[in-house]
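For reference, structure06.cif is printed below; it contains mmCIF, C-alpha atoms.
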data_my_file
#
loop_
_atom_site.label_atom_id
_atom_site.label_comp_id
_atom_site.auth_asym_id
_atom_site.auth_seq_id
_atom_site.Cartn_x
_atom_site.Cartn_y
_atom_site.Cartn_z
CA MET A 830 -15.08 25.78 -0.84
CA SER A 831 -16.10 22.86 -3.01
CA LEU A 832 -13.94 19.96 -4.08
CA SER A 833 -15.89 19.67 -7.31
CA ASP A 834 -15.81 21.91 -10.33
CA GLY A 835 -19.50 22.54 -10.66
CA GLY A 836 -22.13 20.05 -11.75
CA ASP A 837 -25.76 19.90 -10.77
CA THR A 838 -26.96 19.90 -7.19
CA ALA A 839 -27.91 16.23 -7.17
CA GLU A 840 -24.38 15.21 -8.11
CA TRP A 841 -22.59 17.01 -5.30
CA GLN A 842 -25.23 16.00 -2.78
CA THR A 843 -24.46 12.35 -3.49
CA ASP A 844 -20.69 12.85 -3.19
CA PRO A 845 -19.80 12.14 0.45
CA PHE A 846 -16.58 14.14 0.15
CA ASP A 847 -17.94 17.34 -1.37
CA ALA A 848 -17.25 20.17 1.07
CA ARG A 849 -20.68 21.67 0.36
CA ARG A 850 -22.13 18.83 2.42
CA TYR A 851 -20.36 20.13 5.54
CA ASP A 852 -22.68 20.72 8.49
CA PRO A 853 -20.95 22.21 11.58
CA ASN A 854 -23.71 20.73 13.74
CA ASP A 855 -23.10 17.23 12.35
CA PRO A 856 -19.56 17.08 10.90
CA ASP A 857 -18.81 13.95 8.88
CA PRO A 858 -15.61 12.25 10.15
CA TRP A 859 -14.88 10.86 6.68
CA LEU A 860 -15.16 14.32 5.13
CA ALA A 861 -12.70 15.60 7.75
CA LEU A 862 -10.20 12.89 6.83
CA TYR A 863 -10.67 13.51 3.11
CA LEU A 864 -10.01 17.24 3.47
CA ASP A 865 -7.06 16.70 5.82
CA HIS A 866 -3.65 17.02 4.16
CA SER A 867 -1.38 15.82 6.95
CA LEU A 868 -0.38 12.83 4.81
CA PRO A 869 0.70 13.47 1.21
CA ILE A 870 -1.49 10.72 -0.24
CA ASP A 871 -2.77 10.72 -3.80
CA PRO A 872 -6.35 12.11 -3.75
CA GLN A 873 -7.80 9.20 -5.72
CA ALA A 874 -6.12 6.64 -3.44
CA LYS A 875 -7.39 8.49 -0.37
CA ARG A 876 -10.88 8.64 -1.83
CA ALA A 877 -10.88 4.90 -2.55
CA LEU A 878 -9.61 4.11 0.95
CA LEU A 879 -12.22 6.29 2.67
CA LEU A 880 -15.08 5.00 0.53
CA GLY A 881 -14.11 1.54 1.74
CA ALA A 882 -13.81 2.69 5.35
CA ARG A 883 -17.35 4.09 5.36
CA SER A 884 -18.85 1.17 3.43
CA TRP A 885 -21.37 -1.37 4.71
CA SER A 886 -18.85 -4.22 4.53
CA ARG A 887 -16.29 -2.39 6.68
CA ARG A 888 -18.85 -1.27 9.24
CA TRP A 889 -20.69 -4.57 9.58
CA LEU A 890 -19.13 -7.55 7.81
CA PHE A 891 -15.59 -6.78 8.99
CA PRO A 892 -16.24 -6.71 12.77
CA VAL A 893 -18.78 -9.56 12.69
CA SER A 894 -16.50 -11.88 10.70
CA ARG A 895 -13.25 -11.15 12.55
CA PRO A 896 -13.74 -13.71 15.38
CA VAL A 897 -14.42 -16.45 12.82
CA VAL A 898 -11.45 -15.42 10.68
CA PHE A 899 -9.22 -15.27 13.79
CA LEU A 900 -10.26 -18.80 14.84
CA PHE A 901 -9.59 -20.09 11.32
CA PHE A 902 -6.20 -18.38 11.35
CA CYS A 903 -5.28 -20.11 14.64
CA ILE A 904 -6.24 -23.49 13.17
CA VAL A 905 -4.10 -22.76 10.10
CA LYS A 906 -1.12 -21.91 12.33
CA VAL A 907 -1.45 -25.27 14.09
CA LEU A 908 -1.67 -27.08 10.76
CA ARG A 909 1.39 -25.23 9.49
CA ALA A 910 3.31 -26.16 12.64
CA ILE A 911 2.58 -29.80 11.84
CA SER A 912 3.28 -29.52 8.10
CA PRO A 913 5.34 -26.39 7.38
CA ARG A 914 6.06 -27.17 3.72
CA TYR A 915 2.91 -28.78 2.39
CA PRO A 916 0.52 -28.05 0.86
CA ASN A 917 2.18 -25.58 -1.50
CA LEU A 918 -0.67 -24.16 -3.58
CA ASN A 919 0.85 -20.90 -4.78
CA GLY A 920 -0.76 -21.07 -8.22
CA LEU A 921 -4.18 -21.84 -6.75
CA LEU A 922 -3.73 -19.04 -4.21
CA HIS A 923 -3.19 -16.42 -6.90
CA LYS A 924 -6.10 -17.75 -8.94
CA SER A 925 -8.36 -17.66 -5.89
CA ILE A 926 -7.31 -14.07 -5.13
CA HIS A 927 -8.17 -13.11 -8.70
CA TRP A 928 -11.53 -14.87 -8.48
CA GLY A 929 -12.35 -13.39 -5.07
CA LEU A 930 -11.53 -9.82 -6.05
CA ARG A 931 -13.38 -10.11 -9.36
CA THR A 932 -16.42 -11.62 -7.65
CA PHE A 933 -16.59 -9.69 -4.39
CA GLY A 934 -14.10 -6.80 -4.45
CA SER A 935 -15.45 -3.28 -4.80
CA PRO A 936 -13.93 -1.10 -7.54
CA GLU A 937 -12.17 0.92 -4.81
CA CYS A 938 -10.72 -2.25 -3.26
CA ASN A 939 -9.44 -3.51 -6.61
CA THR A 940 -8.00 -0.11 -7.52
CA LEU A 941 -6.00 0.10 -4.28
CA ILE A 942 -4.65 -3.44 -4.61
CA LEU A 943 -3.42 -3.04 -8.20
CA ARG A 944 -2.14 0.45 -7.43
CA HIS A 945 -0.04 -0.84 -4.52
CA PHE A 946 2.22 -2.86 -6.81
CA HIS A 947 2.88 0.21 -8.98
CA VAL A 948 3.74 2.25 -5.86
CA GLY A 949 6.10 -0.44 -4.54
CA THR A 950 7.84 -0.81 -7.90
CA GLU A 951 8.49 2.94 -8.13
CA LEU A 952 9.74 3.21 -4.53
CA LEU A 953 12.32 0.47 -5.12
CA ALA A 954 13.30 2.08 -8.43
CA PHE A 955 13.87 5.38 -6.59
CA LEU A 956 16.15 3.69 -4.05
CA LYS A 957 18.00 1.78 -6.74
CA ALA A 958 18.71 4.94 -8.75
CA ASN A 959 19.90 7.01 -5.78
CA ALA A 960 21.63 4.57 -3.41
CA GLY A 961 25.06 5.09 -4.97
CA VAL A 962 25.69 1.51 -6.13
CA ASP A 963 25.75 -0.09 -9.55
CA PRO A 964 22.04 -0.70 -10.36
CA ALA A 965 23.02 -3.94 -12.12
CA LEU A 966 23.96 -5.39 -8.72
CA VAL A 967 20.43 -4.93 -7.38
CA LYS A 968 17.81 -6.89 -9.30
CA THR A 969 14.05 -6.48 -8.99
CA VAL A 970 11.08 -7.57 -11.06
CA PRO A 971 8.87 -4.58 -11.93
CA LEU A 972 5.26 -5.26 -10.98
CA LYS A 973 2.67 -3.09 -12.71
CA PRO A 974 -0.52 -5.13 -13.15
CA LEU A 975 -3.33 -3.48 -15.09
CA THR A 976 -5.98 -6.18 -14.74
CA LEU A 977 -7.09 -8.51 -11.97
CA LYS A 978 -6.08 -11.41 -14.22
CA ASP A 979 -2.49 -10.11 -14.07
CA LEU A 980 -2.42 -10.99 -10.36
CA GLU A 981 -2.33 -14.68 -11.28
CA ASP A 982 1.24 -14.23 -12.51
CA ASN A 983 2.71 -14.82 -9.03
CA VAL A 984 2.42 -11.08 -8.28
CA PHE A 985 1.87 -11.26 -4.52
CA LEU A 986 4.73 -13.66 -3.87
CA GLN A 987 7.05 -11.78 -6.22
CA HIS A 988 6.23 -8.55 -4.38
CA ASP A 989 7.65 -10.07 -1.18
CA LEU A 990 10.67 -11.54 -2.96
CA ASN A 991 11.41 -8.15 -4.53
CA ILE A 992 11.76 -6.28 -1.26
CA PHE A 993 13.85 -8.90 0.54
CA ASN A 994 16.14 -9.49 -2.44
CA PHE A 995 16.49 -5.74 -2.86
CA ILE A 996 17.59 -5.19 0.75
CA ILE A 997 20.01 -8.12 0.68
CA GLU A 998 21.61 -7.25 -2.67
CA LEU A 999 21.75 -3.51 -1.95
CA ASN A 1000 23.55 -4.03 1.35
CA MET A 1001 25.90 -6.62 -0.13
CA ALA A 1002 26.86 -4.09 -2.80
CA LEU A 1003 27.29 -1.31 -0.24
CA ARG A 1004 29.48 -3.49 1.99
CA ALA A 1005 31.60 -4.67 -0.92
CA ALA A 1006 32.21 -1.04 -1.91
CA GLY A 1007 32.76 0.08 1.69
CA LYS A 1008 30.00 2.68 1.28
CA GLU A 1009 26.89 3.94 3.01
CA ILE A 1010 23.84 5.54 1.43
CA THR A 1011 24.42 9.29 1.30
CA PRO A 1012 22.58 12.15 -0.44
CA PRO A 1013 23.48 12.27 -4.16
CA GLU A 1014 24.49 15.50 -5.82
CA ARG A 1015 21.06 15.65 -7.44
CA VAL A 1016 18.24 13.32 -6.40
CA ASP A 1017 16.75 11.40 -9.33
CA PHE A 1018 12.95 11.45 -9.18
CA SER A 1019 12.42 10.49 -12.82
CA MET A 1020 10.91 7.06 -12.09
CA LEU A 1021 8.10 8.49 -9.96
CA SER A 1022 4.75 9.00 -11.65
CA ASP A 1023 1.27 10.11 -10.65
CA ILE A 1024 0.25 6.44 -11.11
CA GLU A 1025 -2.80 6.81 -13.30
CA PRO A 1026 -2.46 3.58 -15.30
CA ASP A 1027 -5.11 2.35 -17.65
CA PHE A 1028 -6.62 -0.17 -15.24
CA GLU A 1029 -9.33 -2.42 -16.58
CA THR A 1030 -12.92 -1.46 -15.81
CA PHE A 1031 -13.53 -3.28 -12.55
CA PRO A 1032 -16.72 -5.32 -11.97
CA THR A 1033 -19.65 -3.50 -10.34
CA GLY A 1034 -22.05 -6.41 -9.89
CA PRO A 1035 -24.36 -6.89 -6.91
CA LEU A 1036 -21.67 -8.82 -5.00
CA ASN A 1037 -18.85 -6.32 -5.62
CA ARG A 1038 -19.26 -4.62 -2.26
CA ILE A 1039 -16.29 -5.82 -0.19
CA ASP A 1040 -13.87 -3.11 0.96
CA ILE A 1041 -10.12 -3.60 0.99
CA GLN A 1042 -9.70 -4.09 4.75
CA THR A 1043 -12.36 -6.79 4.89
CA ALA A 1044 -10.85 -8.47 1.82
CA VAL A 1045 -7.39 -8.42 3.41
CA GLU A 1046 -8.74 -9.87 6.65
CA PHE A 1047 -10.33 -12.80 4.79
CA TYR A 1048 -7.43 -13.53 2.46
CA THR A 1049 -4.62 -13.41 5.06
CA PRO A 1050 -5.33 -16.82 6.66
CA LEU A 1051 -5.87 -18.30 3.19
CA TYR A 1052 -2.41 -16.99 2.31
CA ALA A 1053 -1.05 -18.82 5.36
CA LEU A 1054 -2.93 -22.00 4.48
CA MET A 1055 -1.96 -22.23 0.81
CA LEU A 1056 1.71 -21.22 1.03
CA PRO A 1057 4.56 -23.00 2.83
CA ARG A 1058 5.19 -21.60 6.27
CA ALA A 1059 8.48 -19.95 5.18
CA ASP A 1060 6.75 -18.05 2.37
CA PHE A 1061 3.99 -16.79 4.65
CA MET A 1062 6.44 -15.76 7.38
CA ARG A 1063 8.48 -13.86 4.81
CA ALA A 1064 5.35 -12.12 3.55
CA SER A 1065 4.30 -11.22 7.08
CA HIS A 1066 7.73 -9.86 8.05
CA SER A 1067 7.94 -7.85 4.84
CA LEU A 1068 5.14 -5.64 6.17
CA GLN A 1069 7.55 -4.23 8.75
CA LEU A 1070 10.19 -3.31 6.17
CA ASP A 1071 8.52 0.06 5.61
CA GLU A 1072 10.73 1.61 8.28
CA ILE A 1073 13.89 0.29 6.62
CA VAL A 1074 12.78 1.70 3.27
CA GLY A 1075 11.96 4.98 4.99
CA ILE A 1076 15.44 5.14 6.54
CA TYR A 1077 17.05 4.54 3.14
CA ILE A 1078 14.94 7.33 1.65
CA GLY A 1079 15.94 9.59 4.54
CA ARG A 1080 19.64 8.99 3.85
CA ILE A 1081 19.10 9.88 0.19
CA LEU A 1082 17.11 13.03 0.96
CA GLY A 1083 19.21 14.07 3.96
CA THR A 1084 16.07 14.42 6.11
CA ASP A 1085 13.87 12.14 8.20
CA TYR A 1086 10.72 14.26 7.90
CA HIS A 1087 8.83 11.52 6.05
CA MET A 1088 9.45 9.06 8.90
CA HIS A 1089 6.47 10.67 10.62
CA PHE A 1090 4.37 8.85 8.01
CA VAL A 1091 5.77 5.37 8.76
CA LYS A 1092 3.92 3.52 11.50
CA ASN A 1093 4.52 -0.19 10.91
CA GLY A 1094 7.40 -0.73 13.34
CA HIS A 1095 10.99 -1.84 12.78
CA PRO A 1096 11.32 -5.54 11.86
CA LEU A 1097 14.06 -6.20 14.41
CA VAL A 1098 11.16 -6.51 16.86
CA THR A 1099 8.81 -8.79 14.95
CA LEU A 1100 5.07 -8.73 15.49
CA SER A 1101 2.75 -11.73 15.51
CA THR A 1102 1.55 -13.05 12.18
CA LEU A 1103 -1.96 -12.87 13.67
CA GLN A 1104 -1.66 -9.10 13.22
CA ALA A 1105 -0.76 -9.41 9.56
CA GLY A 1106 -4.11 -8.16 8.23
CA PHE A 1107 -3.93 -4.85 10.07
CA ARG A 1108 -0.24 -4.42 9.28
CA LEU A 1109 -0.92 -5.04 5.61
CA MET A 1110 -3.30 -2.08 5.67
CA MET A 1111 -0.67 0.03 7.42
CA HIS A 1112 1.91 -1.12 4.88
CA GLY A 1113 -0.26 0.16 2.06
CA LEU A 1114 -0.75 3.48 3.86
CA ASP A 1115 2.99 3.85 4.56
CA CYS A 1116 3.89 3.20 0.93
CA GLU A 1117 1.27 5.63 -0.39
CA ALA A 1118 2.49 8.33 2.00
CA MET A 1119 6.16 7.89 1.14
CA HIS A 1120 5.41 7.78 -2.58
CA GLY A 1121 3.22 10.88 -2.28
CA TRP A 1122 5.92 12.76 -0.40
CA LEU A 1123 8.53 11.93 -3.02
CA ARG A 1124 6.19 13.23 -5.71
CA VAL A 1125 5.84 16.49 -3.77
CA LEU A 1126 9.63 16.80 -3.73
CA LYS A 1127 9.82 15.92 -7.42
CA ALA A 1128 7.45 18.80 -8.17
CA ARG A 1129 9.58 21.14 -6.02
CA GLN A 1130 12.74 20.11 -7.84
CA GLU A 1131 11.07 20.66 -11.22
CA ALA A 1132 9.95 24.11 -10.04
CA GLY A 1133 13.52 24.98 -9.01
CA LEU A 1134 12.68 24.97 -5.30
CA PRO A 1135 14.85 23.46 -2.55
CA LEU A 1136 13.89 20.07 -1.16
CA ASP A 1137 12.85 21.57 2.17
CA PRO A 1138 10.38 19.47 4.18
CA ARG A 1139 9.44 22.47 6.33
CA ASP A 1140 7.78 24.06 3.28
CA PRO A 1141 6.34 21.12 1.34
CA THR A 1142 4.07 23.07 -1.01
CA GLY A 1143 6.40 25.90 -1.87
CA GLY A 1144 3.89 28.48 -0.68
CA PRO A 1145 3.19 31.39 -3.01
CA GLU A 1146 6.24 30.58 -5.12
CA LEU A 1147 4.37 27.65 -6.69
CA ALA A 1148 1.19 29.60 -7.32
#
Go ahead and render the structure in this file as structure tokens.
Amino acid sequence: MSLSDGGDTAEWQTDPFDARRYDPNDPDPWLALYLDHSLPIDPQAKRALLLGARSWSRRWLFPVSRPVVFLFFCIVKVLRAISPRYPNLNGLLHKSIHWGLRTFGSPECNTLILRHFHVGTELLAFLKANAGVDPALVKTVPLKPLTLKDLEDNVFLQHDLNIFNFIIELNMALRAAGKEITPPERVDFSMLSDIEPDFETFPTGPLNRIDIQTAVEFYTPLYALMLPRADFMRASHSLQLDEIVGIYIGRILGTDYHMHFVKNGHPLVTLSTLQAGFRLMMHGLDCEAMHGWLRVLKARQEAGLPLDPRDPTGGPELA
């Protein structure tokens, strides 16, 4: 069975994820992961992630550069221990991220980064609409950048502020009302979309070859260097909030099935900031999986099917 809808032979032979390329004597591990549906991730997001994983930069530049990046990160931690508040170069940080992604980021890398803010915004909107508190008591700033230039508008820092402020304000409202999050009479999925925004056409120059994991590994110590220590620590700890968000979603849905997708660890046991690069990748994967699962349930609700995690596709009833 082919993933494509026709086209000439040359086209499908150059597509690494076309099932017609399958050779049982030499199975491609990336093709196996692309065809696998154990995680309900958007196909385009999965494709972008796997293209990065099999790229030259991930296979060679990433492992070769990691010792240097790790050493630099350790030096930054010492500097931040000496001067935890200065320098504070937040504006320059966001400008440098924009420049770096535009100059070196692959189209797949840039797609995944911009897409992540859309996913996070919709996940918080889902919680806000279904948590059973007055939405006016829980304030967030929607982040839906369409261009790399949009990232300069404090997007990364605001992303971290959003999640912490959300958790604090939501729980303050719940405590004041003497309530817990419980399943609503009808779950509101209206804010969830297929996330196909009109992103700008990303650069495809000769230097635009860096995959997302390599980019994250390089930019993490720069994040620590250019932000006050408190801001970086908050950003690092926010990566472990996936489990908290997953628990809230479970209380709304009345099931913990999706918790099988969440692998970043509960923040009550904090991990070292030196692991932030890897956990940032896991954070992106967790969010994509939870968002994808909610979209599956949205489709079931629209089809008049029960929200039953044991039958996520609806079987023949959806055919």
Contacts of segment 1007-1015 of chain A within 7 Å, only C-alpha atoms, excl. fewer than 6 positions in-chain, as a ChimeraX atom specification
/A:959-961,1080-1083
Picked residues, the PyMOL selection byres ((chain A and resi 874-883) around 8), as a PyMOL selection string
chain A and resi 859+863+870-873+884-888+937-938+940-941+1039-1042
Run the PyMOL selection byres ((chain A and resi 1111) around 10) against the file shown and list the residues it catches, as a VMD selection string.
chain A and resid 1068 to 1069 1071 1091 to 1093 1105 to 1110 1112 to 1117
Written as number ranges by chain, which residues does the PyMOL selection byres ((chain A and resi 972) around 12) give for the file shown?
A: 942-954, 969-971, 973-976, 979-980, 982-992
How far is it from atom CA of Val1098 of chain A to atom CA of Val1045 of chain A, in Å with one decimal?
23.0 Å
Two-atom distance - atom CA of Ala958 of chain A, atom CA of Leu1070 of chain A (Å):
19.1 Å
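Between atom CA of Ser925 of chain A and atom CA of Thr1049 of chain A the interatomic distance comes to 12.3 Å.
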Identify which of the residues A:Pro1135, A:His1120, A:Ala1005, A:Thr1033 lies closest to Val962 of chain A, counting all atoms listed in the file when measuring atom-to-atom distances.
A:Ala1005
